[in-house]
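One structure is given below, encoded as structure tokens.
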Amino acid sequence: MIGYTLRNWAARIAYALAFGVTLFSVAAPARAAAANPAESFIQQNIDKGYTILNSTQLSDEQRRTQFRNYMLALTDTKRIGTFTLGQYANSAPKADVEAFTNAFTDYAVAVYETRLSKYKGQTLKVTGSQERAADDVVVNADVTSAPGAANTPTFKAAFRVRKTMDGRPIITDMQVEGIWLALSQRSDFTAFLQQHNGSVAALTDDLKRQTAQLTAAPANGGAQKS
Amino acid sequence: MLAAGFLVTGCATMPAVDGPQTINDPLEGANRVSFNVSLAFDKGILRPVAIVYRRVVPTPVRNGVRNFLNNLDSPLIFANDVLQGETDRAGTTLIRAGVNTTIGLAGLFDVAGSMGYMRHYEDFGQTLAVYGIGEGPYIFVPLIGPANPRDILGWAVDLAFDPFTYAQWDGKYYWLGGKTAVDFTDLRARNIDTLDDLEKSSLDFYASVRSLYRQSRNNEIRNGATEVQDLPDF
């Protein structure tokens with residue numbers, strides 16, 4: 001009945017929003033015996049994120065900078081950004097697409113930063129992987145909440161690991177409970193473009209506005225008026 | 001009736017799940033109107049009520065309420081496990097219901113979960129998908145949320161099947177109304193920050209909800225298995 005639908009999607013969205021956090025918040029670094037390079041790449045980098053997150057020697061500003069550099073080294077925001085434009089990436093002026101991917105990078109970092117303050121104390125453990133192609137592996141993981149958290153069960157996350165031109169592993173997408181981040185963003189952005197005559201420049205402006213709002217927003221979303 | 005809108009797709013062993021790339025929203029104009037009406041209702045009534053509920057009712061009590069309501073879903077989940085031929089999962093549902101109803105004090109405590117029998121969810125909409133029935137067009141049902149003809153038929157069947165639908169109090173169906181109201185309030189309370197965040201980070205909130213709903217529904221139908229070959233190349 002009606003409640004079921006609300007339960008299904010709202011709960012899953014909650015998991016999806018924990019995305020950024022899955023990557024970085026690890027209560028106790030779980031060292032599974034990783035079976036392949038993509039799996040150890042994910043587990044090791046999560047441990048690294050954990051170190052940044054929990055360092056007591058860093059100021060907020062330093063932590064923010066380190067976090068940004070860490071994230072940019074781990075993901076390919078240019079590639080993801082271009083993907084999120086869908087077919088508009090081919091038809092829009094090149095300069096517009098480039099301006100967009102720069103804005104997208106700031107947006108992605110801001111999204112992660114805002115989540116970061118909310119979902120501390122989760123544990124992520126790599127459980128296995130599936131290979132799409134030699135340079136395209138989906139690494140699966142379980143995310144467990146800290147004991148005593150309000151009814152949040154273990155949930156599943158996945159990371160899509162591809163390779164750069166020079167053979168370096170890189171994350172191109174992340175999934176929580178079946179929801180892929182880049183796919184969701186593409187749906188959001190292409191819907192916007194559809195309603196704005198395909199103007200990537202307009203999308204970039206809006207994305208910048210959104211980024212500014214995200215970085216200015218207070219940490220506790222629940223206390224705000226709508 | 002509703003079944004007329006269904007697309008029966010192919011073989012019965014593979015869940016009928018469309019690729020995540022397709023938008024599948026021919027009724028977008030009407031759906032957006034419905035979405036905006038629902039959002040206004042949410043902001044005017046549901047969200048404020050949920051905020052008060054979260055503030056007033058302590059977390060352990062709210063968790064008890066959630067566990068209790070979850071336990072009431074057991075007959076439905078069990079039936080759909082069986083209909084999908086998932087015998088292991090049906091067994092888990094049965095054990096959970098038995099343990100939580102007794103040791104868990106009528107479902108207030110999820111004792112089975114702490115014994116390793118984790119909760120999963122099934123409904124008749126998922127069962128139809130496993131049988132190969134296509135989802136049909138995306139529909140945003142006013143005040144209720146995202147759906148499709150397959151899910152709407154699923155609700156109707158689940159509602160008719162659920163023994164708790166027919167529970168009466170003093171000859172009246174207060175129970176069903178009360179249960180639904182508490183269920184909605186608790187769910188909304190659990191997702192206040194989440195939905196606020198989603199709205200804040202979306203350029204087109206309607207499109208974000210549509211995408212998340214379809215992806216998460218497909219994930220449930222596949223019982224959490226990732227279909228890596230369906231992913232787009234980029």
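Chains: A, B, ... in order of the structure tokens. Residues: from 1 per chain. Ligands: from 1, in order shown.
Those residues that approach stretch 173-179 of chain B to within 10 Å, counting only C-alpha atoms, are Gly3 of chain A; Leu69, Phe164, Thr165, Tyr166, Ala167, Gln168, Phe184 and Thr185 of chain B; same-chain residues fewer than 5 positions away are not listed.
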Selection to disk with N, CA, C and O atoms, as a short mmCIF file (atom, residue, chain, number, x, y, z; two decimals), in the first residue's frame:
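For reference, again.cif as written:
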```cif
data_model
loop_
_atom_site.label_atom_id
_atom_site.label_comp_id
_atom_site.auth_asym_id
_atom_site.auth_seq_id
_atom_site.Cartn_x
_atom_site.Cartn_y
_atom_site.Cartn_z
N GLY A 3 2.17 3.46 1.88
CA GLY A 3 3.36 3.66 2.71
C GLY A 3 4.59 2.94 2.17
O GLY A 3 5.70 3.41 2.32
N LEU B 69 6.03 -1.64 13.09
CA LEU B 69 5.40 -1.53 11.77
C LEU B 69 6.07 -2.47 10.75
O LEU B 69 5.40 -3.11 9.94
N PHE B 164 -3.77 -7.40 7.99
CA PHE B 164 -3.95 -6.26 8.88
C PHE B 164 -4.86 -5.18 8.28
O PHE B 164 -5.33 -4.29 8.98
N THR B 165 -5.12 -5.29 6.96
CA THR B 165 -6.05 -4.35 6.33
C THR B 165 -7.45 -4.50 6.95
O THR B 165 -8.21 -3.55 7.04
N TYR B 166 -7.75 -5.75 7.35
CA TYR B 166 -9.12 -6.03 7.79
C TYR B 166 -9.29 -5.95 9.30
O TYR B 166 -10.36 -6.24 9.82
N ALA B 167 -8.22 -5.57 10.00
CA ALA B 167 -8.32 -5.46 11.47
C ALA B 167 -9.27 -4.31 11.81
O ALA B 167 -9.18 -3.23 11.24
N GLN B 168 -10.17 -4.56 12.74
CA GLN B 168 -11.12 -3.52 13.11
C GLN B 168 -11.03 -3.21 14.59
O GLN B 168 -10.59 -4.03 15.39
N PHE B 184 3.51 6.96 7.80
CA PHE B 184 3.93 8.10 6.98
C PHE B 184 4.74 9.10 7.80
O PHE B 184 5.76 9.59 7.35
N THR B 185 4.25 9.39 8.99
CA THR B 185 4.93 10.39 9.83
C THR B 185 6.34 9.91 10.18
O THR B 185 7.31 10.67 10.08
#
```
All residues 9 Å or closer to stretch 187-198 of chain A, only C-alpha atoms, same chain fewer than 4 positions away omitted, as a PDB file with C-alpha atoms, in the first residue's frame:
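Output below, filename out14.pdb:
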```
ATOM      1  CA  THR A  84      26.362  13.926 -16.964  1.00  0.00           C
ATOM      2  CA  LEU A  85      25.661  16.243 -19.931  1.00  0.00           C
ATOM      3  CA  GLY A  86      24.363  13.275 -21.948  1.00  0.00           C
ATOM      4  CA  GLN A  87      23.953  14.025 -25.657  1.00  0.00           C
ATOM      5  CA  TYR A  88      24.345  17.760 -24.942  1.00  0.00           C
ATOM      6  CA  SER A  91      26.179  19.617 -29.398  1.00  0.00           C
ATOM      7  CA  ALA A  92      27.254  22.385 -26.982  1.00  0.00           C
ATOM      8  CA  ALA A 182      26.649   9.952 -12.019  1.00  0.00           C
ATOM      9  CA  LEU A 183      23.523   8.417 -13.554  1.00  0.00           C
ATOM     10  CA  ALA A 202      22.774  28.280 -18.166  1.00  0.00           C
ATOM     11  CA  LEU A 203      23.393  24.936 -16.478  1.00  0.00           C
TER      12      LEU A 203
ATOM     13  CA  GLN B  21      19.350   5.291 -19.139  1.00  0.00           C
ATOM     14  CA  ILE B  23      13.607   8.283 -18.965  1.00  0.00           C
ATOM     15  CA  SER B 202      19.248  19.120  -7.308  1.00  0.00           C
ATOM     16  CA  LEU B 203      18.869  21.494 -10.219  1.00  0.00           C
ATOM     17  CA  ASP B 204      15.630  19.742 -11.131  1.00  0.00           C
ATOM     18  CA  PHE B 205      14.191  18.082  -8.030  1.00  0.00           C
ATOM     19  CA  TYR B 206      11.464  16.337 -10.019  1.00  0.00           C
ATOM     20  CA  ALA B 207      14.003  14.672 -12.330  1.00  0.00           C
ATOM     21  CA  SER B 208      16.211  13.670  -9.384  1.00  0.00           C
ATOM     22  CA  VAL B 209      13.342  11.960  -7.586  1.00  0.00           C
ATOM     23  CA  ARG B 210      12.299  10.186 -10.789  1.00  0.00           C
ATOM     24  CA  SER B 211      15.801   8.868 -11.394  1.00  0.00           C
TER      25      SER B 211
END
```
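Counting only C-alpha atoms, the residue from A:Arg64, A:Gln210, A:Thr164, A:Leu74 that sits nearest to A:Lys48 is A:Leu74.
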As an MDAnalysis selection string, please: every residue in stretch 25-210 of chain B that DSSP puts in helix (DSSP H, G or I). chainID B and resid 28:56 59:72 74:83 87:102 111:114 124:130 149:161 163:166 174:190 192:201 205:210
Quick one: distance from atom CA of A:Ser184 to atom CA of B:Glu199 in Å, one decimal? 13.0 Å
Closest atom pairs, residues of chain B within 7 Å of chain A, only C-alpha atoms, as CSV:
```
residue,atom,partner,partner_atom,distance
B:Lys43,CA,A:Ser226,CA,7.0
B:Thr59,CA,A:Ala150,CA,6.9
B:Asn63,CA,A:Asn151,CA,6.4
B:Ile144,CA,A:Ile2,CA,6.3
B:Gly145,CA,A:Leu6,CA,6.5
B:Trp155,CA,A:Met1,CA,4.3
B:Ala156,CA,A:Met1,CA,6.6
B:Asp158,CA,A:Met1,CA,6.4
B:Leu159,CA,A:Met1,CA,5.4
B:Thr180,CA,A:Gly3,CA,6.8
B:Asp183,CA,A:Gly3,CA,6.6
B:Phe184,CA,A:Gly3,CA,6.2
B:Leu187,CA,A:Arg7,CA,6.4
B:Asn191,CA,A:Ala10,CA,6.5
B:Ile192,CA,A:Gly222,CA,6.2
B:Asp193,CA,A:Gly222,CA,5.1
B:Thr194,CA,A:Ala14,CA,5.3
B:Asp196,CA,A:Gly221,CA,6.7
B:Ser201,CA,A:Gln210,CA,6.6
B:Ser202,CA,A:Asp188,CA,6.7
B:Leu203,CA,A:Asp188,CA,6.3
B:Asp204,CA,A:Asp188,CA,5.5
B:Ala207,CA,A:Asp188,CA,5.2
B:Ser208,CA,A:Asp188,CA,5.2
B:Ser211,CA,A:Ser184,CA,5.8
B:Leu212,CA,A:Ile179,CA,6.4
B:Tyr213,CA,A:Trp9,CA,5.4
B:Gln215,CA,A:Ile179,CA,5.5
B:Ser216,CA,A:Gly178,CA,5.5
B:Asn219,CA,A:Gly178,CA,4.9
B:Gly224,CA,A:Gly178,CA,6.6
B:Val228,CA,A:Arg132,CA,6.2
B:Gln229,CA,A:Arg132,CA,6.3
B:Phe234,CA,A:Phe83,CA,6.5
```
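Take atom CA of A:Val143 and atom CA of A:Thr123: the distance between them is 5.5 Å.
Computed from the coordinates, the atom CA of B:Asp73 to atom CA of B:Ala225 distance equals 22.8 Å.
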Taking 4 positions as the minimum chain separation for residues in the same chain, which residues sit within 10 Å of stretch 77-88 of chain B when counting only C-alpha atoms? Answer as number ranges by chain. B: 13, 70-73, 92-94, 97, 119-131, 158, 161-162
May I have the selected residues written with C-alpha atoms, as a tab-separated table (two decimals), in the first residue's frame?
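Generated file (result.tsv):
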```
chain	number	residue	atom	x	y	z
B	13	THR	CA	13.10	-15.92	-15.35
B	70	ASN	CA	8.12	-3.47	9.92
B	71	ASN	CA	7.08	-6.64	11.68
B	72	LEU	CA	3.49	-6.15	10.52
B	73	ASP	CA	4.73	-6.35	6.92
B	92	THR	CA	14.50	-15.57	6.88
B	93	THR	CA	11.20	-13.67	6.87
B	94	LEU	CA	9.50	-16.48	8.77
B	97	ALA	CA	8.48	-12.76	12.29
B	119	ARG	CA	15.41	-7.59	7.16
B	120	HIS	CA	14.65	-7.46	3.47
B	121	TYR	CA	11.60	-6.13	1.73
B	122	GLU	CA	9.34	-7.53	-0.98
B	123	ASP	CA	6.01	-6.48	-2.44
B	124	PHE	CA	3.72	-7.61	-5.23
B	125	GLY	CA	5.04	-4.94	-7.60
B	126	GLN	CA	8.44	-6.64	-7.37
B	127	THR	CA	6.85	-10.05	-7.83
B	128	LEU	CA	5.20	-8.85	-11.06
B	129	ALA	CA	8.58	-7.63	-12.28
B	130	VAL	CA	10.16	-10.99	-11.53
B	131	TYR	CA	7.36	-12.58	-13.57
B	158	ASP	CA	-0.81	-6.18	-1.30
B	161	PHE	CA	-3.91	-9.55	0.74
B	162	ASP	CA	-2.60	-7.96	3.94
```
Could you list, as a ChimeraX atom specification, every residue within 8 Å of A:Gly81, counting only C-alpha atoms and ignoring same-chain residues fewer than 6 positions away? /A:100-101,104-105
Could you write those residues out with C-alpha atoms, as a CSV table (one decimal), in the first residue's frame?
```csv
chain,number,residue,atom,x,y,z
A,100,PHE,CA,30.8,23.3,-17.1
A,101,THR,CA,33.3,20.5,-16.1
A,104,PHE,CA,31.0,20.4,-11.9
A,105,THR,CA,34.3,19.7,-10.0
```
